[in-house]
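One file, target_25.txt, carrying compact mmCIF, C-alpha atoms:
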# COMPACT_ATOMS: atom_id res chain seq x y z
CA MET K 1 83.58 -78.03 281.07
CA TRP K 2 86.48 -79.74 279.34
CA LYS K 3 86.12 -83.48 278.78
CA THR K 4 88.44 -86.07 277.35
CA GLU K 5 87.63 -88.18 274.33
CA PRO K 6 89.88 -91.05 273.25
CA THR K 7 90.52 -91.61 269.55
CA THR K 8 91.02 -94.94 267.85
CA GLY K 9 94.78 -94.33 268.10
CA TRP K 10 94.57 -94.02 271.87
CA GLN K 11 92.30 -97.04 272.02
CA SER K 12 94.82 -99.24 270.27
CA SER K 13 97.87 -97.91 272.12
CA ALA K 14 96.84 -97.15 275.71
CA VAL K 15 96.14 -100.62 277.02
CA ASP K 16 99.22 -102.09 275.32
CA PHE K 17 101.39 -99.25 276.62
CA SER K 18 99.97 -99.75 280.12
CA HIS K 19 100.97 -103.41 280.08
CA GLN K 20 104.37 -102.81 278.51
CA ASN K 21 105.22 -99.71 280.58
CA PRO K 22 103.45 -100.15 283.92
CA LYS K 23 105.91 -97.80 285.61
CA GLU K 24 105.49 -94.87 283.22
CA MET K 25 101.74 -95.00 282.52
CA PRO K 26 100.54 -94.00 286.02
CA TYR K 27 102.73 -90.88 285.99
CA ILE K 28 101.47 -89.89 282.54
CA LEU K 29 97.84 -90.34 283.62
CA LYS K 30 98.47 -88.42 286.85
CA ASN K 31 99.80 -85.57 284.71
CA LEU K 32 96.79 -85.86 282.41
CA ALA K 33 94.53 -85.38 285.47
CA HIS K 34 96.61 -82.33 286.44
CA PHE K 35 96.37 -80.90 282.91
CA LEU K 36 92.60 -81.44 282.82
CA ALA K 37 92.28 -79.61 286.15
CA GLN K 38 94.25 -76.67 284.72
CA LEU K 39 92.21 -76.63 281.49
CA ARG K 40 89.07 -76.12 283.53
CA VAL K 41 90.29 -72.92 285.15
CA ALA K 42 92.82 -71.44 282.72
CA ILE K 43 91.93 -68.42 280.62
CA ASN K 44 92.75 -70.58 277.58
CA HIS K 45 94.69 -73.78 277.04
CA LYS K 46 97.60 -71.94 275.44
CA SER K 47 98.30 -70.19 278.73
CA ILE K 48 98.89 -73.44 280.60
CA GLU K 49 102.47 -74.00 281.69
CA ALA K 50 103.51 -77.25 283.30
CA LEU K 51 106.69 -79.24 283.74
CA TYR K 52 105.30 -82.25 281.85
CA LEU K 53 103.71 -80.31 278.99
CA HIS K 54 105.18 -79.99 275.48
CA ARG K 55 103.65 -78.08 272.58
CA PHE K 56 103.94 -79.09 268.96
CA GLU K 57 102.68 -77.82 265.64
CA SER K 58 98.97 -77.97 264.73
CA GLY K 59 98.04 -77.31 268.35
CA ILE K 60 99.07 -80.79 269.46
CA VAL K 61 100.31 -81.14 273.02
CA ALA K 62 102.25 -83.97 274.65
CA ILE K 63 102.10 -84.91 278.30
CA ASP K 64 105.14 -86.76 279.61
CA GLN K 65 105.88 -88.74 282.78
CA ASN K 66 107.91 -86.05 284.58
CA GLY K 67 107.09 -84.47 287.91
CA ILE K 68 107.39 -86.96 290.73
CA GLU K 69 109.86 -89.71 289.95
CA ASP K 70 113.13 -89.62 288.04
CA GLY K 71 114.64 -92.42 285.99
CA LEU K 72 111.55 -93.36 283.99
CA THR K 73 111.61 -93.89 280.23
CA ASP K 74 110.64 -90.72 278.37
CA SER K 75 107.11 -91.25 277.08
CA PHE K 76 104.41 -89.03 275.63
CA LEU K 77 100.65 -88.97 275.67
CA TYR K 78 99.69 -86.87 272.64
CA ALA K 79 96.50 -84.86 272.85
CA PHE K 80 94.63 -82.14 271.01
CA PRO K 81 92.74 -79.52 273.04
CA ASP K 82 89.84 -78.52 270.82
CA ASP K 83 88.66 -75.07 271.87
CA ALA K 84 85.54 -75.25 269.71
CA THR K 85 84.08 -78.23 271.57
CA ARG K 86 86.12 -78.07 274.79
CA ILE K 87 87.17 -81.65 274.21
CA LEU K 88 90.69 -82.88 274.86
CA PHE K 89 91.16 -85.57 272.23
CA LEU K 90 93.55 -88.27 273.40
CA LEU K 91 95.43 -89.21 270.27
CA CYS K 92 97.94 -91.88 271.25
CA VAL K 93 100.58 -92.77 273.80
CA GLY K 94 104.07 -94.02 273.11
CA LYS K 95 107.76 -93.86 273.92
CA ALA K 96 109.69 -90.73 273.03
CA SER K 97 111.78 -92.87 270.65
CA ASP K 98 108.64 -93.31 268.46
CA LYS K 99 107.91 -89.59 268.47
CA ASP K 100 108.27 -88.93 264.75
CA ALA K 101 105.85 -91.65 263.71
CA ASP K 102 103.40 -90.75 266.48
CA MET K 103 103.46 -87.08 265.54
CA GLU K 104 102.66 -87.96 261.93
CA TYR K 105 99.63 -89.85 263.15
CA CYS K 106 98.58 -86.95 265.39
CA LYS K 107 99.00 -84.30 262.68
CA ARG K 108 96.91 -86.38 260.32
CA PHE K 109 94.14 -86.68 262.91
CA VAL K 110 94.07 -82.93 263.53
CA PHE K 111 94.17 -82.22 259.78
CA TYR K 112 91.07 -84.38 259.18
CA LEU K 113 89.29 -83.04 262.26
CA VAL K 114 89.78 -79.42 261.25
CA ASN K 115 89.00 -80.00 257.57
CA GLU K 116 85.86 -82.01 258.24
CA ARG K 117 84.60 -79.14 260.34
CA ALA K 118 85.40 -76.58 257.64
CA MET L 1 102.54 -96.63 269.44
CA LYS L 2 103.77 -98.21 266.27
CA LYS L 3 100.80 -100.53 265.84
CA SER L 4 98.18 -97.86 265.19
CA THR L 5 100.57 -95.56 263.35
CA GLU L 6 100.73 -98.17 260.63
CA ASP L 7 96.98 -97.94 260.16
CA GLN L 8 96.35 -94.23 259.99
CA SER L 9 93.05 -94.58 258.14
CA ARG L 10 91.45 -95.55 261.47
CA ALA L 11 92.32 -92.26 263.16
CA ALA L 12 88.96 -91.06 264.40
CA PRO L 13 87.24 -89.90 267.59
CA THR L 14 85.52 -92.74 269.44
CA GLY L 15 82.61 -90.63 270.69
CA ARG L 16 83.28 -91.75 274.26
CA LYS L 17 83.63 -88.68 276.47
CA TYR L 18 84.87 -88.66 280.05
CA ASN L 19 84.69 -86.00 282.76
CA SER L 20 87.68 -87.30 284.69
CA VAL L 21 90.75 -89.47 284.41
CA ALA L 22 89.13 -91.92 286.83
CA ALA L 23 86.18 -92.36 284.46
CA LEU L 24 88.55 -92.59 281.48
CA MET L 25 90.59 -95.36 283.08
CA GLN L 26 87.51 -97.36 283.95
CA GLY L 27 85.87 -96.86 280.57
CA GLU L 28 89.02 -97.63 278.60
CA GLU L 29 89.97 -100.71 280.62
CA ILE L 30 93.29 -99.48 281.93
CA PRO L 31 94.79 -102.25 284.13
CA LYS L 32 93.66 -102.11 287.76
CA ASP L 33 97.19 -101.84 289.18
CA VAL L 34 97.87 -98.81 286.96
CA GLN L 35 94.56 -97.23 288.05
CA ASP L 36 95.41 -97.76 291.74
CA LYS L 37 98.81 -96.14 291.27
CA VAL L 38 97.24 -93.15 289.47
CA PHE L 39 94.77 -92.60 292.34
CA HIS L 40 97.67 -92.76 294.79
CA LEU L 41 99.70 -90.21 292.79
CA ILE L 42 96.73 -87.85 292.43
CA ALA L 43 96.13 -88.02 296.19
CA GLU L 44 99.79 -87.22 296.81
CA SER L 45 99.65 -84.04 294.71
CA ARG L 46 96.28 -82.47 295.49
CA VAL L 47 97.64 -79.27 296.98
CA ALA L 48 100.16 -78.84 294.13
CA THR L 49 97.33 -79.21 291.59
CA GLN L 50 95.24 -76.62 293.46
CA MET L 51 98.13 -74.19 293.57
CA ALA L 52 98.67 -74.51 289.83
CA GLN L 53 94.93 -73.97 289.32
CA LEU L 54 95.07 -70.85 291.45
CA ARG L 55 97.88 -69.45 289.32
CA HIS L 56 96.19 -70.34 286.02
CA ARG L 57 92.84 -68.93 287.14
CA SER L 58 94.46 -65.62 287.97
CA GLY L 59 96.37 -65.51 284.68
CA ILE L 60 99.76 -65.29 286.37
CA THR L 61 102.65 -66.95 284.53
CA GLN L 62 105.20 -69.23 286.15
CA LYS L 63 107.82 -66.54 285.53
CA GLN L 64 105.74 -63.89 287.33
CA MET L 65 105.15 -66.25 290.24
CA ALA L 66 108.84 -67.13 290.36
CA ASP L 67 109.81 -63.45 290.41
CA ALA L 68 107.32 -62.72 293.19
CA LEU L 69 108.62 -65.63 295.27
CA LYS L 70 112.26 -64.91 294.36
CA VAL L 71 112.86 -68.41 293.00
CA THR L 72 113.48 -69.78 289.50
CA GLN L 73 110.72 -70.61 287.05
CA SER L 74 111.99 -74.18 287.09
CA ALA L 75 111.36 -74.34 290.84
CA ILE L 76 107.75 -73.23 290.33
CA SER L 77 107.34 -75.75 287.53
CA LYS L 78 108.60 -78.58 289.74
CA LEU L 79 106.54 -77.46 292.73
CA GLU L 80 103.28 -77.46 290.80
CA ALA L 81 103.82 -80.82 289.12
CA GLY L 82 105.35 -82.61 292.08
CA LYS L 83 104.32 -84.13 295.38
CA ASP L 84 102.62 -82.14 298.13
CA ASP L 85 105.51 -83.15 300.41
CA ASN L 86 107.68 -80.54 298.68
CA ILE L 87 105.25 -77.69 299.44
CA THR L 88 105.59 -75.57 302.57
CA LEU L 89 102.81 -73.62 304.25
CA ASN L 90 104.69 -70.51 303.23
CA HIS L 91 104.32 -71.51 299.55
CA VAL L 92 100.58 -71.89 300.03
CA LYS L 93 100.31 -68.56 301.83
CA GLU L 94 102.31 -66.77 299.15
CA TYR L 95 100.28 -68.28 296.29
CA ALA L 96 97.09 -67.01 297.96
CA ARG L 97 98.61 -63.58 298.50
CA ILE L 98 100.06 -63.19 295.00
CA THR L 99 96.96 -64.43 293.18
CA GLY L 100 94.62 -62.49 295.49
CA ASP L 101 92.61 -65.69 295.84
CA ARG L 102 92.18 -68.22 298.65
CA ILE L 103 93.19 -71.81 299.32
CA HIS L 104 91.42 -74.07 301.78
CA LEU L 105 93.47 -76.90 303.18
CA MET L 106 92.15 -79.88 305.05
CA PHE L 107 94.12 -82.93 306.08
CA GLY L 108 92.91 -86.12 307.64
CA LYS L 109 89.66 -87.97 307.18
CA PRO L 110 86.97 -86.27 305.11
CA PHE L 111 83.78 -84.97 306.75
CA THR L 112 80.75 -87.21 306.83
CA HIS L 113 77.69 -85.68 305.13
CA THR L 114 76.01 -84.88 308.46
CA GLU L 115 79.19 -83.31 309.86
CA ALA L 116 79.51 -81.17 306.74
CA VAL L 117 75.86 -80.02 306.95
CA ARG L 118 76.29 -79.06 310.62
CA ILE L 119 79.47 -77.12 309.90
CA HIS L 120 77.83 -75.26 307.01
CA ALA L 121 74.78 -74.54 309.19
CA ASP L 122 77.01 -73.03 311.88
CA GLY L 123 78.76 -70.97 309.22
CA LEU L 124 75.45 -69.76 307.81
CA LYS L 125 74.21 -68.77 311.26
CA PHE L 126 77.38 -66.80 311.93
CA ARG L 127 77.29 -64.98 308.56
CA LEU L 128 73.57 -64.20 308.68
CA GLU L 129 73.90 -62.78 312.20
CA LYS L 130 76.75 -60.58 310.98
CA LEU L 131 74.57 -59.35 308.11
CA ALA L 132 71.76 -58.58 310.56
CA GLU L 133 74.23 -56.58 312.66
CA ILE L 134 75.36 -54.64 309.60
CA ALA L 135 71.73 -53.95 308.65
CA SER L 136 70.99 -52.58 312.12
CA GLN L 137 73.98 -50.23 311.87
CA ASN L 138 73.60 -49.12 308.27
CA ILE L 139 70.22 -47.86 307.08
CA GLU L 140 71.31 -47.73 303.45
CA LEU L 141 71.99 -51.46 303.40
CA GLN L 142 68.90 -52.55 305.34
CA SER L 143 66.63 -53.10 302.40
CA GLU L 144 69.27 -55.01 300.43
CA ILE L 145 70.16 -57.24 303.37
CA LYS L 146 66.52 -57.94 304.15
CA GLY L 147 66.02 -58.97 300.54
CA PHE L 148 69.10 -61.16 300.67
CA LEU L 149 67.94 -62.88 303.86
CA GLY L 150 64.52 -63.48 302.34
CA ASP L 151 66.09 -65.04 299.24
CA ALA L 152 68.44 -67.12 301.39
CA PHE L 153 65.54 -68.47 303.43
CA TYR L 154 63.51 -69.27 300.34
CA ASN L 155 66.44 -71.04 298.63
CA LEU L 156 67.37 -73.06 301.72
CA PHE L 157 63.76 -74.02 302.24
CA ASN L 158 63.50 -75.20 298.63
CA ILE L 159 66.70 -77.25 298.94
CA ILE L 160 65.44 -79.00 302.07
CA THR L 161 62.04 -79.58 300.49
CA LEU L 162 63.62 -81.07 297.37
CA CYS L 163 65.89 -83.38 299.37
CA THR L 164 63.05 -84.44 301.63
CA SER L 165 60.91 -85.32 298.64
CA LYS L 166 63.64 -87.76 297.55
CA LEU L 167 63.40 -89.74 300.79
CA PRO L 168 61.78 -93.17 300.50
CA VAL L 169 58.20 -93.26 301.78
CA ASN L 170 57.12 -96.19 303.96
CA ALA L 171 53.54 -97.20 304.68
CA ASP L 172 53.81 -96.44 308.37
CA ASP L 173 55.33 -92.98 307.88
CA ASN L 174 53.15 -90.27 309.38
CA ILE L 175 52.98 -87.89 306.42
CA GLU L 176 51.13 -84.69 306.74
CA GLU L 177 51.16 -81.43 304.90
CA ILE L 178 53.07 -78.65 306.59
CA ARG L 179 52.08 -75.15 305.65
CA ILE L 180 54.65 -72.49 306.28
CA GLU L 181 53.59 -68.90 306.18
CA ILE L 182 56.04 -66.06 305.96
CA ILE L 183 54.38 -63.15 307.67
CA THR L 184 55.17 -59.53 308.20
CA GLY L 185 56.91 -58.67 311.45
CA LYS L 186 54.08 -56.81 313.19
CA ASN L 187 51.16 -59.09 312.25
CA VAL L 188 52.32 -62.20 314.05
CA THR L 189 49.92 -64.82 315.27
CA PRO L 190 48.83 -64.06 318.85
CA ALA L 191 50.53 -66.23 321.44
CA ASN L 192 47.17 -67.36 322.80
CA GLY L 193 46.42 -69.10 319.53
CA SER L 194 43.37 -67.03 318.63
CA SER L 195 41.80 -67.48 315.24
CA LEU L 196 43.09 -64.15 313.92
CA ARG L 197 44.97 -64.83 310.70
CA PRO L 198 48.11 -62.85 310.06
CA LYS L 199 48.57 -61.03 306.81
CA CYS L 200 50.70 -63.24 304.58
CA GLU L 201 53.21 -61.78 302.17
CA LYS L 202 54.22 -65.08 300.73
CA GLU L 203 53.05 -68.60 301.23
CA VAL L 204 54.98 -71.72 300.69
CA SER L 205 53.59 -75.16 301.20
CA ALA L 206 55.25 -78.47 300.97
CA VAL L 207 54.88 -82.08 301.94
CA ALA L 208 57.52 -82.95 304.48
structure tokens encoding of this file:
Amino acid sequence: MWKTEPTTGWQSSAVDFSHQNPKEMPYILKNLAHFLAQLRVAINHKSIEALYLHRFESGIVAIDQNGIEDGLTDSFLYAFPDDATRILFLLCVGKASDKDADMEYCKRFVFYLVNERA
Amino acid sequence: MKKSTEDQSRAAPTGRKYNSVAALMQGEEIPKDVQDKVFHLIAESRVATQMAQLRHRSGITQKQMADALKVTQSAISKLEAGKDDNITLNHVKEYARITGDRIHLMFGKPFTHTEAVRIHADGLKFRLEKLAEIASQNIELQSEIKGFLGDAFYNLFNIITLCTSKLPVNADDNIEEIRIEIITGKNVTPANGSSLRPKCEKEVSAVA
């Protein structure tokens, strides 16, 4: 069964983001719960399609705040679904305006994770 | 999340694994008001989440579902990620039909444990009686159904025994060993209670 595992990046960003963006964070976490529910039944994570889901290079996915309420600031929770361990690593959460820097962080995490395993 | 991006050397798994978002929020100290809102949103979209699960389990794409329902893919995408308020019973019915699966819906207060056990017991009785009817009408299936009923009895008995063994024991409880013997149909114990012992195929004993 798929589980979530926060990384140090999530640890340092999630609580701050929750305090600074109390409107957006609940919608992102609701979508995370939805994504986790889909992961548990889908044939593989690549087959999951959802309104809030974005796919990036290196297998990184981003879950946004969309689905229920309009007018919220675009924000992303970046995650990495690791098929080998069935763990959804929660990498970090931030505003869409910080996407480039956040993606650099996420790609670096995935690079080290994959290389350490190899 | 500029703060941690500046210190990329610390990018590492924490080793803390969670089965659910509820456990994640508690373990990672997400503010209580955010947690409450998340629970509220999840409760408002339970059916939508189930419908998306149904589609993903069956391997049907949003496009295929949209074509079958004669709507746009965007409409399906919004339906599955939105509130249950936007879903009609017809949507639910069509999802079940197209995926060839089933959806159970229940609104209102959840069952208590005893209510749920009674409902399941009634369901079991109904299904087992139907199986017995089928066995009496179809000789080819008799042996298989008899075996199934035997297994069902044994499994149910074990479940009840296990749960009973977890009950707290008080000093004044009148505990005694109950021996249950599963006997062949013809060699039943005489009604007059004579000392003739029936032939036992299988014996199960337990402390109840």
Worksheet entry | Best match for closeness to Leu39 of chain K among L:Gln53, L:Asn90, L:Thr61, L:Gln26, counting only C-alpha atoms |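 Among the listed residues, L:Gln53 lies closest to Leu39 of chain K.
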Fill in: Near-Thr85 of chain K list (12 Å; all atoms listed in the file; drop same-chain fewer than 5 positions) as a ChimeraX atom specification
/K:1-5,80,113-114,117 /L:17
Worksheet item: Which residue out of K:Gln38, K:Thr73, K:Asn21, K:Ser97 has the minimum interatomic distance to chain L when all atoms listed in the file are used?
Response: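 The shortest atom-to-atom distance to chain L comes from K:Gln38.
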Worksheet item: If we count only C-alpha atoms, what is near Asn66 of chain K at a cut-off of 8 Å, once residues fewer than 5 positions away on the same chain are taken out, given as a VMD selection string?
Response: chain K and resid 27 to 28 51 to 52
Practice prompt. Quote the spacing between atom CA of Asp82 of chain K and atom CA of Ser58 of chain K in Å to one decimal place.
Written response: 11.0 Å
Discussion item. Report as a PyMOL selection string all protein, DNA and RNA residues lying within 10 Å of Ser18 of chain K, evaluated on all atoms listed in the file, omitting residues in the same chain fewer than 3 positions from it.
Written reply: (chain K and resi 13-15+21-26+93-94) or (chain L and resi 30-31+33-35)
Can you write out the residues you just picked, keeping C-alpha atoms, as a compact mmCIF listing (two decimals), in the frame of the given file?
# COMPACT_ATOMS: atom_id res chain seq x y z
CA SER K 13 97.87 -97.91 272.12
CA ALA K 14 96.84 -97.15 275.71
CA VAL K 15 96.14 -100.62 277.02
CA ASN K 21 105.22 -99.71 280.58
CA PRO K 22 103.45 -100.15 283.92
CA LYS K 23 105.91 -97.80 285.61
CA GLU K 24 105.49 -94.87 283.22
CA MET K 25 101.74 -95.00 282.52
CA PRO K 26 100.54 -94.00 286.02
CA VAL K 93 100.58 -92.77 273.80
CA GLY K 94 104.07 -94.02 273.11
CA ILE L 30 93.29 -99.48 281.93
CA PRO L 31 94.79 -102.25 284.13
CA ASP L 33 97.19 -101.84 289.18
CA VAL L 34 97.87 -98.81 286.96
CA GLN L 35 94.56 -97.23 288.05
Please report, as CSV, each residue of chain L lying at most 6 Å from chain K, together with the nearest pair of atoms and the separation in Å rounded to one decimal; use only C-alpha atoms, and order rows by chain and ascending residue number.
residue,atom,partner,partner_atom,distance
L:Met1,CA,K:Gly94,CA,4.8
L:Ser4,CA,K:Gly9,CA,5.7
L:Thr5,CA,K:Tyr105,CA,5.8
L:Ala11,CA,K:Thr8,CA,5.6
L:Ala12,CA,K:Thr7,CA,5.4
L:Pro13,CA,K:Thr7,CA,4.2
L:Thr14,CA,K:Thr7,CA,5.1
L:Arg16,CA,K:Glu5,CA,5.6
L:Lys17,CA,K:Glu5,CA,4.6
L:Tyr18,CA,K:Thr4,CA,5.2
L:Asn19,CA,K:Lys3,CA,4.9
L:Val21,CA,K:Ala33,CA,5.7
L:Ile30,CA,K:Val15,CA,5.8
L:Val34,CA,K:Pro26,CA,5.6
L:Lys37,CA,K:Pro26,CA,5.9
L:Val38,CA,K:Pro26,CA,4.8
L:Ile42,CA,K:Lys30,CA,5.9
L:Gln53,CA,K:Gln38,CA,5.4
L:His56,CA,K:Ala42,CA,4.8
L:Arg57,CA,K:Ala42,CA,5.1
L:Ser77,CA,K:Leu51,CA,5.2
L:Ala81,CA,K:Gly67,CA,5.0
L:Gly82,CA,K:Gly67,CA,4.9
Discussion item. Taking 2 positions as the minimum chain separation for residues in the same chain, which residues sit within 12 Å of Ile87 of chain L when counting only C-alpha atoms? Answer as a list in words.
Written reply: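 Using only C-alpha atoms, the neighbours found are Glu44, Ser45, Arg46, Val47, Ala48, Thr49, Gln50, Met51, Ala75, Ile76, Lys78, Leu79, Glu80, Ala81, Gly82, Lys83, Asp84, Asp85, Leu89, Asn90, His91, Val92, Lys93, Glu94 and Tyr95 of chain L.
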Worksheet entry | Length of the atom CA of Arg102 of chain L to atom CA of Ile160 of chain L vector [Å] |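 According to the coordinates, atom CA of Arg102 of chain L and atom CA of Ile160 of chain L are separated by 29.0 Å.
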Worksheet item: Do you have the atom CA of Thr164 of chain L-atom CA of His120 of chain L distance handy?
Response: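 That distance, rounded to one decimal, is 18.2 Å.
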Worksheet item: At most 10 Å from (109.1, -68.5, 285.5), file frame, all atoms listed in the file: which residues, as a PyMOL selection string?
Response: (chain K and resi 49) or (chain L and resi 60-68+71-77)
Could you write those residues out with C-alpha atoms, as an mmCIF file, keeping the file's coordinate frame?
data_model
loop_
_atom_site.group_PDB
_atom_site.id
_atom_site.type_symbol
_atom_site.label_atom_id
_atom_site.label_comp_id
_atom_site.auth_asym_id
_atom_site.auth_seq_id
_atom_site.Cartn_x
_atom_site.Cartn_y
_atom_site.Cartn_z
ATOM 1 C CA GLU K 49 102.470 -74.000 281.690
ATOM 2 C CA ILE L 60 99.760 -65.290 286.370
ATOM 3 C CA THR L 61 102.650 -66.950 284.530
ATOM 4 C CA GLN L 62 105.200 -69.230 286.150
ATOM 5 C CA LYS L 63 107.820 -66.540 285.530
ATOM 6 C CA GLN L 64 105.740 -63.890 287.330
ATOM 7 C CA MET L 65 105.150 -66.250 290.240
ATOM 8 C CA ALA L 66 108.840 -67.130 290.360
ATOM 9 C CA ASP L 67 109.810 -63.450 290.410
ATOM 10 C CA ALA L 68 107.320 -62.720 293.190
ATOM 11 C CA VAL L 71 112.860 -68.410 293.000
ATOM 12 C CA THR L 72 113.480 -69.780 289.500
ATOM 13 C CA GLN L 73 110.720 -70.610 287.050
ATOM 14 C CA SER L 74 111.990 -74.180 287.090
ATOM 15 C CA ALA L 75 111.360 -74.340 290.840
ATOM 16 C CA ILE L 76 107.750 -73.230 290.330
ATOM 17 C CA SER L 77 107.340 -75.750 287.530
#
Any chance you could work out the axis-aligned box around segment 122-140 of chain L, listed atoms only, 6 Å on each side, giving centre and edge lengths in Å to one decimal, as lines of an AutoDock Vina configuration file?
center_x = 74.5
center_y = -60.4
center_z = 308.1
size_x = 20.5
size_y = 37.3
size_z = 21.2
N, CA and C atoms restored at segment 30-51 of chain K, emitted as a short mmCIF file (atom, residue, chain, number, x, y, z; two decimals), in the coordinates of the input:
data_model
loop_
_atom_site.label_atom_id
_atom_site.label_comp_id
_atom_site.auth_asym_id
_atom_site.auth_seq_id
_atom_site.Cartn_x
_atom_site.Cartn_y
_atom_site.Cartn_z
N LYS K 30 98.54 -89.40 285.75
CA LYS K 30 98.47 -88.42 286.85
C LYS K 30 98.64 -87.02 286.27
N ASN K 31 99.58 -86.88 285.34
CA ASN K 31 99.80 -85.57 284.71
C ASN K 31 98.62 -85.17 283.82
N LEU K 32 97.99 -86.15 283.21
CA LEU K 32 96.79 -85.86 282.41
C LEU K 32 95.69 -85.29 283.32
N ALA K 33 95.54 -85.88 284.51
CA ALA K 33 94.53 -85.38 285.47
C ALA K 33 94.87 -83.94 285.88
N HIS K 34 96.16 -83.68 286.07
CA HIS K 34 96.61 -82.33 286.44
C HIS K 34 96.30 -81.36 285.30
N PHE K 35 96.60 -81.77 284.07
CA PHE K 35 96.37 -80.90 282.91
C PHE K 35 94.87 -80.60 282.75
N LEU K 36 94.05 -81.62 282.93
CA LEU K 36 92.60 -81.44 282.82
C LEU K 36 92.10 -80.45 283.88
N ALA K 37 92.66 -80.55 285.08
CA ALA K 37 92.28 -79.61 286.15
C ALA K 37 92.67 -78.19 285.79
N GLN K 38 93.81 -78.02 285.12
CA GLN K 38 94.25 -76.67 284.72
C GLN K 38 93.39 -76.14 283.56
N LEU K 39 93.05 -77.04 282.63
CA LEU K 39 92.21 -76.63 281.49
C LEU K 39 90.91 -76.01 281.97
N ARG K 40 90.38 -76.55 283.04
CA ARG K 40 89.07 -76.12 283.53
C ARG K 40 89.08 -74.74 284.17
N VAL K 41 90.25 -74.24 284.51
CA VAL K 41 90.29 -72.92 285.15
C VAL K 41 91.09 -71.90 284.35
N ALA K 42 91.93 -72.36 283.44
CA ALA K 42 92.82 -71.44 282.72
C ALA K 42 92.02 -70.54 281.78
N ILE K 43 92.58 -69.37 281.51
CA ILE K 43 91.93 -68.42 280.62
C ILE K 43 91.81 -69.06 279.23
N ASN K 44 92.84 -69.71 278.76
CA ASN K 44 92.75 -70.58 277.58
C ASN K 44 93.87 -71.61 277.66
N HIS K 45 93.75 -72.66 276.87
CA HIS K 45 94.69 -73.78 277.04
C HIS K 45 96.12 -73.39 276.67
N LYS K 46 96.25 -72.36 275.85
CA LYS K 46 97.60 -71.94 275.44
C LYS K 46 98.36 -71.29 276.59
N SER K 47 97.63 -70.85 277.61
CA SER K 47 98.30 -70.19 278.73
C SER K 47 98.80 -71.19 279.78
N ILE K 48 98.49 -72.46 279.58
CA ILE K 48 98.89 -73.44 280.60
C ILE K 48 100.37 -73.77 280.48
N GLU K 49 101.05 -73.65 281.61
CA GLU K 49 102.47 -74.00 281.69
C GLU K 49 102.60 -75.11 282.72
N ALA K 50 103.28 -76.17 282.34
CA ALA K 50 103.51 -77.25 283.30
C ALA K 50 104.77 -78.00 282.91
N LEU K 51 105.40 -78.54 283.92
CA LEU K 51 106.69 -79.24 283.74
C LEU K 51 106.59 -80.36 282.69
#
